[in-house]
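A.B. asks: Pasting entry_17.txt here (compact mmCIF, C-alpha atoms):
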# COMPACT_ATOMS: atom_id res chain seq x y z
CA MET T 1 -19.05 13.07 -22.64
CA LYS T 2 -15.92 12.86 -20.53
CA LYS T 3 -14.47 14.60 -17.52
CA TRP T 4 -10.92 15.87 -17.14
CA GLN T 5 -9.27 16.63 -13.85
CA CYS T 6 -6.49 19.07 -13.09
CA VAL T 7 -3.65 17.08 -11.55
CA VAL T 8 -2.54 20.10 -9.56
CA CYS T 9 -5.70 21.21 -7.82
CA GLY T 10 -8.34 18.63 -8.59
CA TRP T 11 -10.64 20.98 -10.51
CA ILE T 12 -12.81 19.08 -12.97
CA TYR T 13 -13.67 20.04 -16.52
CA ASP T 14 -16.93 18.37 -17.47
CA GLU T 15 -17.42 18.28 -21.24
CA GLU T 16 -21.16 18.16 -20.73
CA LYS T 17 -21.20 21.43 -18.82
CA GLY T 18 -18.35 23.19 -20.60
CA TRP T 19 -17.07 26.30 -18.84
CA PRO T 20 -19.21 29.23 -19.97
CA GLU T 21 -17.26 31.68 -17.75
CA ASP T 22 -14.42 31.42 -20.24
CA GLY T 23 -16.70 31.16 -23.23
CA ILE T 24 -16.52 27.37 -23.52
CA ALA T 25 -20.01 26.19 -24.41
CA PRO T 26 -21.65 23.15 -22.80
CA GLY T 27 -20.83 20.05 -24.80
CA THR T 28 -17.37 21.23 -25.87
CA ALA T 29 -15.07 18.23 -26.20
CA TRP T 30 -11.72 18.49 -24.39
CA ASP T 31 -9.84 18.50 -27.70
CA ASP T 32 -11.79 21.57 -28.75
CA VAL T 33 -10.99 23.55 -25.61
CA PRO T 34 -8.47 26.20 -26.72
CA ASP T 35 -4.83 25.28 -26.09
CA ASP T 36 -4.22 28.49 -24.15
CA TRP T 37 -7.12 27.89 -21.78
CA VAL T 38 -6.02 27.49 -18.17
CA CYS T 39 -7.43 25.89 -15.03
CA PRO T 40 -9.81 28.39 -13.39
CA ASP T 41 -8.63 27.41 -9.91
CA CYS T 42 -4.88 27.14 -10.15
CA GLY T 43 -3.91 28.46 -13.56
CA VAL T 44 -2.07 25.48 -15.03
CA GLY T 45 -2.55 24.64 -18.69
CA LYS T 46 -4.37 21.83 -20.49
CA GLU T 47 -1.31 19.55 -20.40
CA ASP T 48 -1.75 19.25 -16.64
CA PHE T 49 -5.20 17.71 -16.92
CA GLU T 50 -5.87 13.98 -17.04
CA MET T 51 -8.98 12.16 -18.07
CA ILE T 52 -10.89 10.62 -15.18
CA GLU T 53 -13.61 8.01 -14.94
CA ILE T 54 -17.11 9.36 -15.16
CA GLY T 55 -18.51 9.27 -11.69
CA MET X 56 28.00 -6.18 -11.15
CA ARG X 57 27.01 -3.10 -9.23
CA GLU X 58 23.43 -2.02 -9.56
CA ARG X 59 22.84 1.27 -11.33
CA ALA X 60 22.37 4.08 -8.81
CA PRO X 61 18.90 5.61 -8.98
CA VAL X 62 17.82 9.12 -9.74
CA VAL X 63 16.93 10.44 -6.30
CA ILE X 64 14.36 13.14 -5.63
CA ILE X 65 14.24 14.57 -2.11
CA GLY X 66 10.74 15.84 -1.41
CA THR X 67 7.29 14.55 -2.41
CA GLY X 68 5.42 17.81 -2.66
CA LEU X 69 3.95 19.21 -5.83
CA SER X 70 7.45 19.72 -7.30
CA GLY X 71 8.74 16.25 -6.54
CA TYR X 72 5.69 14.36 -7.74
CA SER X 73 5.21 16.58 -10.80
CA LEU X 74 8.80 15.90 -11.78
CA ALA X 75 8.39 12.16 -11.21
CA ARG X 76 5.22 12.13 -13.33
CA GLU X 77 6.83 14.10 -16.17
CA PHE X 78 10.01 12.00 -16.02
CA ARG X 79 8.06 8.75 -16.27
CA LYS X 80 6.35 10.00 -19.40
CA LEU X 81 9.82 10.07 -20.99
CA ASP X 82 11.69 7.29 -19.21
CA LYS X 83 9.97 4.26 -17.76
CA GLU X 84 13.15 2.31 -16.99
CA THR X 85 15.60 4.34 -14.90
CA PRO X 86 15.14 3.58 -11.22
CA LEU X 87 13.67 6.55 -9.40
CA LEU X 88 13.73 6.88 -5.63
CA MET X 89 11.83 9.57 -3.77
CA ILE X 90 12.58 10.41 -0.18
CA THR X 91 10.32 12.40 2.11
CA ALA X 92 10.37 13.37 5.77
CA ASP X 93 6.57 13.15 5.94
CA ASP X 94 3.90 10.61 4.95
CA GLY X 95 4.39 11.11 1.20
CA HIS X 96 0.73 11.72 0.44
CA SER X 97 0.14 13.40 -2.88
CA TYR X 98 -2.24 16.27 -2.32
CA SER X 99 -3.22 19.57 -3.75
CA LYS X 100 -1.19 22.22 -2.00
CA PRO X 101 -3.10 25.21 -3.42
CA MET X 102 -6.28 23.77 -1.96
CA LEU X 103 -5.10 23.87 1.66
CA SER X 104 -6.49 27.38 1.91
CA THR X 105 -9.86 26.46 0.41
CA GLY X 106 -10.92 23.55 2.63
CA PHE X 107 -14.01 25.20 4.13
CA THR X 108 -15.07 26.95 0.96
CA LYS X 109 -15.03 23.65 -0.89
CA GLY X 110 -16.30 21.65 2.07
CA LYS X 111 -13.25 19.39 2.29
CA LEU X 112 -11.54 17.91 5.32
CA ALA X 113 -7.76 17.60 5.37
CA ASP X 114 -7.89 13.93 4.34
CA GLU X 115 -10.23 14.68 1.46
CA LEU X 116 -7.47 16.77 -0.11
CA VAL X 117 -5.32 13.65 -0.45
CA GLN X 118 -5.15 12.44 -4.03
CA SER X 119 -3.00 9.33 -3.45
CA ASP X 120 -0.90 7.92 -0.67
CA ALA X 121 2.79 7.14 -1.10
CA GLY X 122 2.15 3.48 -1.91
CA ALA X 123 -0.30 4.31 -4.65
CA MET X 124 2.09 6.89 -6.12
CA ALA X 125 4.92 4.35 -6.09
CA GLU X 126 2.77 1.83 -7.92
CA GLN X 127 1.27 4.29 -10.36
CA LEU X 128 4.62 5.81 -11.37
CA GLY X 129 6.85 2.76 -11.02
CA ILE X 130 9.05 4.40 -8.45
CA GLN X 131 10.16 3.79 -4.89
CA VAL X 132 9.05 6.15 -2.14
CA ARG X 133 10.69 6.21 1.28
CA THR X 134 8.49 8.00 3.80
CA TYR X 135 9.30 9.47 7.21
CA THR X 136 12.93 9.56 6.13
CA THR X 137 15.07 12.60 6.80
CA VAL X 138 18.14 13.23 4.70
CA THR X 139 20.88 14.52 6.96
CA ALA X 140 23.70 15.41 4.57
CA LEU X 141 24.73 15.57 0.91
CA ASP X 142 28.13 14.47 -0.38
CA THR X 143 28.16 15.67 -3.95
CA ASP X 144 31.76 14.60 -4.62
CA ARG X 145 30.86 10.98 -3.92
CA HIS X 146 27.36 11.24 -5.38
CA GLU X 147 25.93 10.17 -2.04
CA ILE X 148 23.36 11.33 0.44
CA ALA X 149 23.34 10.48 4.13
CA ILE X 150 20.28 9.38 6.05
CA GLY X 151 21.74 9.26 9.55
CA ASP X 152 24.41 6.53 9.34
CA GLU X 153 23.10 5.15 6.08
CA ARG X 154 24.76 6.18 2.81
CA LEU X 155 22.91 6.10 -0.44
CA ARG X 156 24.34 6.57 -3.93
CA TYR X 157 22.58 8.56 -6.64
CA SER X 158 23.20 8.97 -10.33
CA LYS X 159 21.38 12.29 -10.33
CA LEU X 160 19.97 14.14 -7.35
CA VAL X 161 17.03 16.56 -7.28
CA LEU X 162 16.40 18.82 -4.32
CA ALA X 163 12.67 19.49 -4.13
CA TRP X 164 12.28 19.82 -0.39
CA GLY X 165 10.41 23.10 -0.37
CA ALA X 166 10.43 26.04 1.99
CA ASP X 167 10.29 26.57 5.73
CA VAL X 168 7.75 28.80 7.36
CA ILE X 169 9.23 31.84 9.03
CA ARG X 170 8.53 31.76 12.76
CA LEU X 171 8.32 34.92 14.79
CA ASN X 172 10.06 35.17 18.09
CA LEU X 173 7.06 35.39 20.40
CA GLU X 174 6.74 35.38 24.12
CA GLY X 175 4.05 33.93 26.33
CA GLU X 176 2.62 30.65 27.53
CA GLY X 177 0.05 30.24 24.76
CA LEU X 178 2.47 29.37 21.97
CA GLU X 179 1.12 25.84 21.54
CA HIS X 180 -2.00 27.48 20.09
CA VAL X 181 0.04 29.02 17.25
CA TYR X 182 -0.06 27.08 13.96
CA SER X 183 1.92 27.46 10.77
CA ILE X 184 0.47 25.76 7.72
CA ASN X 185 2.72 24.81 4.84
CA ASP X 186 1.84 21.20 4.17
CA LEU X 187 -0.96 18.70 4.55
CA MET X 188 0.24 17.41 7.90
CA ASP X 189 0.28 20.96 9.28
CA TYR X 190 -3.20 21.47 7.90
CA ARG X 191 -4.51 18.25 9.41
CA ALA X 192 -3.24 19.28 12.86
CA PHE X 193 -4.77 22.72 12.47
CA ARG X 194 -8.17 21.37 11.42
CA GLN X 195 -8.18 19.00 14.39
CA ALA X 196 -7.37 21.83 16.78
CA LEU X 197 -10.12 23.91 15.21
CA GLU X 198 -12.89 21.44 16.14
CA GLY X 199 -15.38 23.09 18.43
CA ARG X 200 -13.60 26.44 18.25
CA ARG X 201 -14.84 29.74 16.90
CA ARG X 202 -12.23 32.50 16.80
CA VAL X 203 -9.00 32.52 14.80
CA ALA X 204 -6.34 35.22 14.78
CA ILE X 205 -4.02 35.38 11.79
CA MET X 206 -0.58 36.96 11.94
CA GLY X 207 0.40 38.30 8.53
CA ALA X 208 -1.69 39.75 5.71
CA GLY X 209 0.05 38.12 2.79
CA LEU X 210 -1.36 35.67 0.27
CA ILE X 211 -1.69 32.75 2.67
CA GLY X 212 -3.09 34.89 5.50
CA CYS X 213 -5.74 36.47 3.29
CA GLU X 214 -6.75 33.18 1.70
CA PHE X 215 -7.12 31.50 5.07
CA ALA X 216 -9.06 34.49 6.43
CA ASN X 217 -11.61 34.22 3.66
CA ASP X 218 -11.83 30.45 3.93
CA LEU X 219 -12.29 30.50 7.71
CA VAL X 220 -15.08 33.07 7.46
CA ASN X 221 -16.71 30.80 4.88
CA GLY X 222 -16.41 28.04 7.46
CA GLY X 223 -18.24 30.13 10.05
CA TYR X 224 -15.25 31.34 12.07
CA GLU X 225 -14.51 34.80 13.42
CA VAL X 226 -11.23 36.16 12.12
CA ASP X 227 -8.83 38.87 13.30
CA MET X 228 -5.79 39.71 11.18
CA ILE X 229 -2.71 41.36 12.61
CA ALA X 230 0.08 42.70 10.39
CA PRO X 231 2.74 45.40 10.48
CA CYS X 232 1.91 46.66 6.98
CA THR X 233 -0.81 49.16 6.06
CA THR X 234 -2.78 46.97 3.64
CA ALA X 235 -3.03 43.40 2.37
CA LEU X 236 -0.33 41.72 0.26
CA PRO X 237 2.03 44.69 0.19
CA GLY X 238 4.82 42.71 -1.43
CA LEU X 239 2.73 41.44 -4.29
CA LEU X 240 0.07 44.05 -5.04
CA PRO X 241 -0.04 47.84 -5.46
CA ASP X 242 -1.81 49.41 -2.48
CA ALA X 243 -5.09 50.07 -4.27
CA ALA X 244 -5.48 46.36 -5.05
CA GLY X 245 -4.47 45.39 -1.51
CA ASP X 246 -7.06 47.81 -0.20
CA ALA X 247 -9.72 46.13 -2.34
CA ILE X 248 -8.97 42.77 -0.72
CA VAL X 249 -9.06 44.39 2.72
CA GLN X 250 -12.46 45.86 1.92
CA GLY X 251 -13.70 42.51 0.63
CA LEU X 252 -12.54 40.76 3.78
CA ARG X 253 -13.97 43.51 6.02
CA ASP X 254 -17.31 43.19 4.25
CA ILE X 255 -17.51 39.52 5.28
CA GLY X 256 -16.53 40.34 8.87
CA VAL X 257 -12.74 40.11 9.16
CA ARG X 258 -11.27 42.56 11.69
CA PHE X 259 -7.90 44.10 10.75
CA HIS X 260 -5.17 45.32 13.07
CA PHE X 261 -2.61 46.98 10.79
CA GLU X 262 0.67 48.67 11.57
CA THR X 263 1.25 46.57 14.64
CA ALA X 264 2.51 43.10 15.52
CA VAL X 265 1.90 40.44 18.13
CA SER X 266 4.35 40.63 21.00
CA ARG X 267 2.89 38.09 23.42
CA VAL X 268 0.63 35.08 23.23
CA ASP X 269 -0.81 34.46 26.68
CA ARG X 270 -3.19 31.74 27.77
CA GLU X 271 -6.73 32.90 28.36
CA GLY X 272 -9.26 30.24 29.29
CA ASP X 273 -9.13 27.52 26.61
CA GLY X 274 -7.66 29.94 24.11
CA VAL X 275 -5.22 32.81 23.96
CA ARG X 276 -4.98 36.52 24.47
CA LEU X 277 -2.65 38.26 22.01
CA VAL X 278 -0.94 41.38 23.19
CA LEU X 279 -0.08 43.70 20.32
CA ASP X 280 2.73 46.25 20.10
CA ASN X 281 0.19 49.06 19.99
CA GLY X 282 -1.25 48.00 23.34
CA GLU X 283 -4.43 46.41 21.96
CA THR X 284 -5.36 42.85 22.88
CA VAL X 285 -7.09 40.25 20.71
CA ASP X 286 -8.74 37.15 22.15
CA ALA X 287 -8.81 34.03 20.02
CA ASP X 288 -9.04 30.25 20.26
CA LEU X 289 -6.26 29.58 17.76
CA VAL X 290 -3.58 31.57 15.99
CA ILE X 291 -2.27 31.07 12.47
CA SER X 292 1.21 32.37 11.80
CA ALA X 293 1.39 33.27 8.12
CA VAL X 294 4.32 35.66 8.01
CA GLY X 295 6.13 34.15 5.08
CA LEU X 296 8.22 31.32 3.71
CA ARG X 297 11.94 30.94 3.26
CA PRO X 298 13.47 28.45 0.80
CA ARG X 299 15.03 25.55 2.68
CA THR X 300 18.76 25.78 2.00
CA GLU X 301 20.71 24.52 5.03
CA LEU X 302 21.73 21.06 3.76
CA ALA X 303 22.66 22.48 0.38
CA LYS X 304 24.75 25.19 1.95
CA ALA X 305 26.47 22.71 4.25
CA ALA X 306 27.34 20.62 1.18
CA GLY X 307 28.98 23.62 -0.43
CA LEU X 308 26.33 24.38 -3.05
CA THR X 309 25.87 28.01 -4.03
CA VAL X 310 22.99 29.47 -2.06
CA GLN X 311 21.50 32.96 -2.07
CA LYS X 312 17.83 33.47 -1.26
CA GLY X 313 17.29 29.91 -2.46
CA ILE X 314 19.49 27.15 -3.82
CA VAL X 315 20.96 28.83 -6.86
CA VAL X 316 20.23 27.09 -10.17
CA ASN X 317 20.43 28.16 -13.79
CA ARG X 318 17.59 27.76 -16.26
CA ALA X 319 18.49 24.08 -16.66
CA LEU X 320 17.83 23.76 -12.90
CA GLU X 321 21.50 22.82 -12.38
CA THR X 322 23.03 23.70 -9.01
CA SER X 323 26.72 24.48 -8.65
CA ALA X 324 27.45 20.75 -8.14
CA PRO X 325 27.44 18.26 -11.03
CA ASP X 326 24.36 16.04 -11.33
CA VAL X 327 22.53 17.96 -8.60
CA TYR X 328 19.41 19.91 -9.47
CA ALA X 329 16.85 21.92 -7.53
CA LEU X 330 13.31 23.04 -8.25
CA GLY X 331 10.21 24.39 -6.58
CA ASP X 332 10.06 26.41 -3.38
CA CYS X 333 13.70 25.72 -2.39
CA ALA X 334 15.19 26.91 -5.68
CA GLU X 335 16.30 30.26 -6.96
CA VAL X 336 15.93 29.84 -10.69
CA ASP X 337 17.84 32.35 -12.80
CA GLY X 338 17.50 34.85 -9.94
CA TYR X 339 13.80 34.22 -9.28
CA VAL X 340 12.37 32.67 -6.12
CA LEU X 341 8.74 32.11 -7.08
CA LEU X 342 6.74 30.08 -4.59
CA TYR X 343 3.85 29.42 -6.96
CA VAL X 344 2.45 26.56 -8.97
CA LEU X 345 3.10 27.69 -12.53
CA PRO X 346 6.87 28.20 -12.22
CA LEU X 347 7.34 24.82 -10.61
CA MET X 348 5.23 23.02 -13.22
CA ALA X 349 7.29 24.65 -16.00
CA SER X 350 10.50 23.73 -14.15
CA SER X 351 9.50 20.12 -13.59
CA ARG X 352 8.71 19.66 -17.28
CA ALA X 353 12.08 21.05 -18.34
CA LEU X 354 14.00 19.09 -15.71
CA ALA X 355 12.24 15.85 -16.66
CA LYS X 356 13.64 16.22 -20.18
CA THR X 357 17.12 16.94 -18.83
CA LEU X 358 17.01 13.88 -16.58
CA ALA X 359 15.84 11.80 -19.52
CA GLY X 360 18.91 12.83 -21.49
CA THR X 361 18.03 16.06 -23.32
CA ARG X 362 19.38 19.07 -21.45
CA THR X 363 16.54 21.59 -21.43
CA GLU X 364 16.28 25.09 -20.06
CA VAL X 365 13.05 26.21 -18.45
CA SER X 366 11.29 29.08 -20.13
CA TYR X 367 9.07 31.01 -17.78
CA GLY X 368 6.04 32.35 -19.58
CA THR X 369 3.56 34.89 -18.30
CA MET X 370 2.59 33.45 -14.94
CA PRO X 371 -0.33 35.17 -13.23
CA VAL X 372 -1.03 34.24 -9.62
CA VAL X 373 -4.64 33.84 -8.53
CA ILE X 374 -5.37 34.88 -4.97
CA LYS X 375 -8.17 32.70 -3.67
CA THR X 376 -10.23 35.30 -1.87
CA PRO X 377 -13.78 34.79 -3.22
CA CYS X 378 -14.90 37.93 -1.33
CA CYS X 379 -12.72 39.86 -3.75
CA PRO X 380 -11.41 37.68 -6.59
CA THR X 381 -7.87 38.74 -7.45
CA ALA X 382 -5.24 37.91 -10.03
CA VAL X 383 -1.78 39.39 -10.17
CA CYS X 384 1.12 39.16 -12.57
CA PRO X 385 4.02 40.91 -10.86
CA PRO X 386 6.31 42.88 -13.16
CA PRO X 387 9.74 41.28 -13.70
CA LEU X 388 12.55 41.95 -11.21
CA SER X 389 14.15 45.35 -11.68
CA ALA X 390 11.53 46.37 -14.24
CA GLN X 391 11.28 50.12 -14.77
CA GLY X 392 7.86 51.64 -15.07
CA GLN X 393 4.83 52.56 -13.05
CA TRP X 394 1.43 51.38 -11.96
CA GLU X 395 -1.57 52.90 -13.68
CA ILE X 396 -4.62 52.39 -11.53
CA GLU X 397 -8.31 52.68 -12.26
CA GLY X 398 -11.52 51.58 -10.60
CA GLU X 399 -12.66 51.90 -7.03
CA GLY X 400 -13.71 49.87 -4.02
CA LEU X 401 -13.56 46.15 -4.71
CA ASP X 402 -12.93 46.64 -8.41
CA ILE X 403 -9.40 47.71 -9.25
CA ARG X 404 -7.51 47.36 -12.50
CA ALA X 405 -3.84 48.15 -12.02
CA LEU X 406 -1.53 47.92 -15.03
CA PHE X 407 2.23 48.19 -14.78
CA ARG X 408 3.58 49.87 -17.89
CA ASP X 409 7.20 50.23 -18.92
CA SER X 410 8.65 53.34 -20.58
CA SER X 411 7.33 52.28 -24.00
CA SER X 412 3.84 51.90 -22.53
CA GLN X 413 3.88 48.12 -22.84
CA VAL X 414 1.94 46.37 -20.06
CA ILE X 415 4.48 44.17 -18.22
CA GLY X 416 2.51 43.38 -15.10
CA PHE X 417 -0.98 43.67 -13.67
CA ALA X 418 -3.17 43.34 -10.62
CA LEU X 419 -6.90 42.81 -11.07
CA THR X 420 -9.51 42.66 -8.35
CA GLY X 421 -13.25 42.23 -8.15
CA LYS X 422 -15.02 42.38 -11.49
CA TYR X 423 -11.74 43.07 -13.30
CA ALA X 424 -10.30 39.70 -12.22
CA LEU X 425 -12.09 38.21 -15.23
CA GLU X 426 -9.68 40.08 -17.52
CA LYS X 427 -6.79 37.93 -16.32
CA GLN X 428 -6.52 35.69 -19.35
CA GLN X 429 -6.92 38.48 -21.86
CA LEU X 430 -4.23 40.60 -20.16
CA SER X 431 -1.92 37.63 -19.74
CA LYS X 432 -1.71 37.49 -23.52
CA GLU X 433 -0.48 41.10 -23.64
CA VAL X 434 2.23 40.68 -21.03
CA PRO X 435 5.50 39.40 -22.50
CA PRO X 436 6.82 36.15 -20.98
CA LEU X 437 9.48 36.40 -18.28
CA HIS X 438 11.88 34.52 -20.55
CA SER X 439 11.43 35.51 -24.14
Please lay out the structure from this file as structure tokens.
C.D. replies:
Amino acid sequence: MKKWQCVVCGWIYDEEKGWPEDGIAPGTAWDDVPDDWVCPDCGVGKEDFEMIEIG
Amino acid sequence: MRERAPVVIIGTGLSGYSLAREFRKLDKETPLLMITADDGHSYSKPMLSTGFTKGKLADELVQSDAGAMAEQLGIQVRTYTTVTALDTDRHEIAIGDERLRYSKLVLAWGADVIRLNLEGEGLEHVYSINDLMDYRAFRQALEGRRRVAIMGAGLIGCEFANDLVNGGYEVDMIAPCTTALPGLLPDAAGDAIVQGLRDIGVRFHFETAVSRVDREGDGVRLVLDNGETVDADLVISAVGLRPRTELAKAAGLTVQKGIVVNRALETSAPDVYALGDCAEVDGYVLLYVLPLMASSRALAKTLAGTRTEVSYGTMPVVIKTPCCPTAVCPPPLSAQGQWEIEGEGLDIRALFRDSSSQVIGFALTGKYALEKQQLSKEVPPLHS
């Protein structure tokens, strides 16, 4: 399971936890997050996220 | 042989660094020089108003320093360097006596805070916050203090009010309007935010303004136009931003509210572009994250050799007031139609419909804020 960080605001998408508030179940891989999903904190799209080291 | 002049970006805020990052995805060779008047830290601007809520100090909002950005992106960053003039005929910029040639120039130097003309001896307690260095100074001044007065009830004022309450501070807000965010939200939605902030303890002083800031003990006493006084330790001035245009104007570029650019981000001078908070793109001055990210992606392609126009989509703005979560998608400029408002208290759903009943804007507060994404799909993009 990987984590992806929004380059704009630093918000982290954790594949393990998903993001149930937007209907993304725990365990959802980044590739399976819908393309029109946006960062809950700042509203940018998936293309503005980068993978980060698990830590 | 003369060395190839670099692409020069003035400004290392979100616009400048986003553009550099996008450009390097397309072109790893062309020399890129960034110039900034400050320390060049890359940080998350939208998070400045959430420091307490997220438990972060100013320095914890830094993502990378200028050196790390330079290394990571293969660019050069000159910090604490103030550009003093542009000479677009010669493709040069001036830094004091120094002249520097560019192949292409990008103005991404942001906006200035509007400062009120105030009287009194307590003005050194008044802070404006529009970048990380401002925020760092404010957080330092806040140590050991308790009461903050905020001038202005716009987006920044309301976000800071909520964040300061979350940090344990007492907050007074003073604004000439009758409710929060009057420029951005219909009154019912503004009222919801006011109620949310009141519920957590913020005191509002509407329909008046600060006329004097006098010293009072270690802090200040604000004298308002309506005769009231407000005692505080620190004051935040959050009365608005104005795109920074002076140098561009002096160089003969077309300037209106911002530096005028078309959808390809081209100014009126060849090889000079502008984006972010200083730019007026196709008539729009939008001081938000989504427009500048879209602009930086388009401009990166143009700089890499493929002229590309930015296409603004549907760009909702989230107002970070956890006491009353809010999202707004303002209707386009000069749109005809009216607000249709339902809900009450903290929960307002306001839809702006045009004459054919199409939703072309919205404001959602409280429990309705969750409908942001769904509604964003219904609203046509700004550029279709």
A.B. asks: Residues at most 7 Å from region 151-165 of chain X, counting all atoms listed in the file, excluding those fewer than 4 positions away in the same chain, as a PDB file with C-alpha atoms, in the frame of the given file?
C.D. replies:
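Final output, out35.pdb:
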ATOM      1  CA  ALA X  60      22.370   4.080  -8.810  1.00  0.00           C
ATOM      2  CA  PRO X  61      18.900   5.610  -8.980  1.00  0.00           C
ATOM      3  CA  VAL X  62      17.820   9.120  -9.740  1.00  0.00           C
ATOM      4  CA  VAL X  63      16.930  10.440  -6.300  1.00  0.00           C
ATOM      5  CA  ILE X  64      14.360  13.140  -5.630  1.00  0.00           C
ATOM      6  CA  ILE X  65      14.240  14.570  -2.110  1.00  0.00           C
ATOM      7  CA  GLY X  66      10.740  15.840  -1.410  1.00  0.00           C
ATOM      8  CA  SER X  70       7.450  19.720  -7.300  1.00  0.00           C
ATOM      9  CA  GLY X  71       8.740  16.250  -6.540  1.00  0.00           C
ATOM     10  CA  THR X 139      20.880  14.520   6.960  1.00  0.00           C
ATOM     11  CA  HIS X 146      27.360  11.240  -5.380  1.00  0.00           C
ATOM     12  CA  GLU X 147      25.930  10.170  -2.040  1.00  0.00           C
ATOM     13  CA  PRO X 298      13.470  28.450   0.800  1.00  0.00           C
ATOM     14  CA  ARG X 299      15.030  25.550   2.680  1.00  0.00           C
ATOM     15  CA  ASP X 326      24.360  16.040 -11.330  1.00  0.00           C
ATOM     16  CA  VAL X 327      22.530  17.960  -8.600  1.00  0.00           C
ATOM     17  CA  TYR X 328      19.410  19.910  -9.470  1.00  0.00           C
ATOM     18  CA  ALA X 329      16.850  21.920  -7.530  1.00  0.00           C
ATOM     19  CA  LEU X 330      13.310  23.040  -8.250  1.00  0.00           C
ATOM     20  CA  GLY X 331      10.210  24.390  -6.580  1.00  0.00           C
ATOM     21  CA  ASP X 332      10.060  26.410  -3.380  1.00  0.00           C
ATOM     22  CA  CYS X 333      13.700  25.720  -2.390  1.00  0.00           C
TER      23      CYS X 333
END
A.B. asks: Against chain X, which residues of chain T fall within 9 Å? For each one I want the closest pair of atoms and the distance in Å (one decimal), counting only C-alpha atoms, rows by chain and increasing residue number, as a tab-separated table.
C.D. replies:
residue	atom	partner	partner_atom	distance
T:Val7	CA	X:Ser99	CA	8.2
T:Val8	CA	X:Ser99	CA	5.9
T:Cys9	CA	X:Ser99	CA	5.0
T:Gly10	CA	X:Ser99	CA	7.1
T:Glu21	CA	X:Leu425	CA	8.7
T:Asp22	CA	X:Leu425	CA	8.8
T:Asp36	CA	X:Gln428	CA	9.0
T:Trp37	CA	X:Gln428	CA	8.2
T:Val38	CA	X:Gln428	CA	8.3
T:Pro40	CA	X:Val373	CA	8.9
T:Asp41	CA	X:Val373	CA	7.7
T:Cys42	CA	X:Val373	CA	6.9
T:Gly43	CA	X:Leu345	CA	7.1
T:Val44	CA	X:Leu345	CA	6.2
T:Gly45	CA	X:Leu345	CA	8.9
T:Asp48	CA	X:Met348	CA	8.6
A.B. asks: Take CA of Val340 (chain X) and CA of Pro385 (chain X) and report the distance between them in Å, one decimal.
C.D. replies: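 These atoms are spaced 12.7 Å apart.
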A.B. asks: What's the 12 Å shell around Glu321 (chain X), counting only C-alpha atoms, without same-chain residues fewer than 2 positions away, as JSON, numbers by chain?
C.D. replies: {"X": [159, 160, 161, 162, 308, 309, 314, 315, 316, 317, 318, 319, 323, 324, 325, 326, 327, 328, 329, 330, 334, 335, 336, 337, 350, 353, 354, 357, 358, 362, 363, 364, 365]}
A.B. asks: Write the residues you've just listed into a file as a short mmCIF file (atom, residue, chain, number, x, y, z; two decimals), keeping the file's coordinate frame, and include C-alpha atoms for each of them.
C.D. replies:
data_model
loop_
_atom_site.label_atom_id
_atom_site.label_comp_id
_atom_site.auth_asym_id
_atom_site.auth_seq_id
_atom_site.Cartn_x
_atom_site.Cartn_y
_atom_site.Cartn_z
CA LYS X 159 21.38 12.29 -10.33
CA LEU X 160 19.97 14.14 -7.35
CA VAL X 161 17.03 16.56 -7.28
CA LEU X 162 16.40 18.82 -4.32
CA LEU X 308 26.33 24.38 -3.05
CA THR X 309 25.87 28.01 -4.03
CA ILE X 314 19.49 27.15 -3.82
CA VAL X 315 20.96 28.83 -6.86
CA VAL X 316 20.23 27.09 -10.17
CA ASN X 317 20.43 28.16 -13.79
CA ARG X 318 17.59 27.76 -16.26
CA ALA X 319 18.49 24.08 -16.66
CA SER X 323 26.72 24.48 -8.65
CA ALA X 324 27.45 20.75 -8.14
CA PRO X 325 27.44 18.26 -11.03
CA ASP X 326 24.36 16.04 -11.33
CA VAL X 327 22.53 17.96 -8.60
CA TYR X 328 19.41 19.91 -9.47
CA ALA X 329 16.85 21.92 -7.53
CA LEU X 330 13.31 23.04 -8.25
CA ALA X 334 15.19 26.91 -5.68
CA GLU X 335 16.30 30.26 -6.96
CA VAL X 336 15.93 29.84 -10.69
CA ASP X 337 17.84 32.35 -12.80
CA SER X 350 10.50 23.73 -14.15
CA ALA X 353 12.08 21.05 -18.34
CA LEU X 354 14.00 19.09 -15.71
CA THR X 357 17.12 16.94 -18.83
CA LEU X 358 17.01 13.88 -16.58
CA ARG X 362 19.38 19.07 -21.45
CA THR X 363 16.54 21.59 -21.43
CA GLU X 364 16.28 25.09 -20.06
CA VAL X 365 13.05 26.21 -18.45
#
A.B. asks: Tell me which residues come within 12 Å of (-12.1, 22.3, -26.2), as a count of residues only, counting only C-alpha atoms in the file's coordinates.
C.D. replies: 29
A.B. asks: So what do you get for CA of Val285 (chain X) versus CA of Asp189 (chain X), distance-wise?
C.D. replies: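 Atom-to-atom, CA of Val285 (chain X) and CA of Asp189 (chain X) are spaced 23.6 Å apart.
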A.B. asks: List as a PyMOL selection string the protein and nucleic acid residues near Leu171 (chain X), meaning an atom at most 12 Å away when only C-alpha atoms are counted, but skip any in the same chain fewer than 3 places from it.
C.D. replies: chain X and resi 168+174+178+181-183+206-207+264-268+291-296
A.B. asks: Just give me the gap between CA of Leu240 (chain X) and CA of Ala382 (chain X) in Å, one decimal is fine.
C.D. replies: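 If I compute the distance from CA of Leu240 (chain X) to CA of Ala382 (chain X), I get 9.5 Å.
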A.B. asks: With only C-alpha atoms as the basis for distance, which of X:Val414, X:Glu262, X:Trp394, X:Lys427 is at the shortest distance from Asp242 (chain X)?
C.D. replies: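 The answer is X:Trp394, which sits nearest to Asp242 (chain X).
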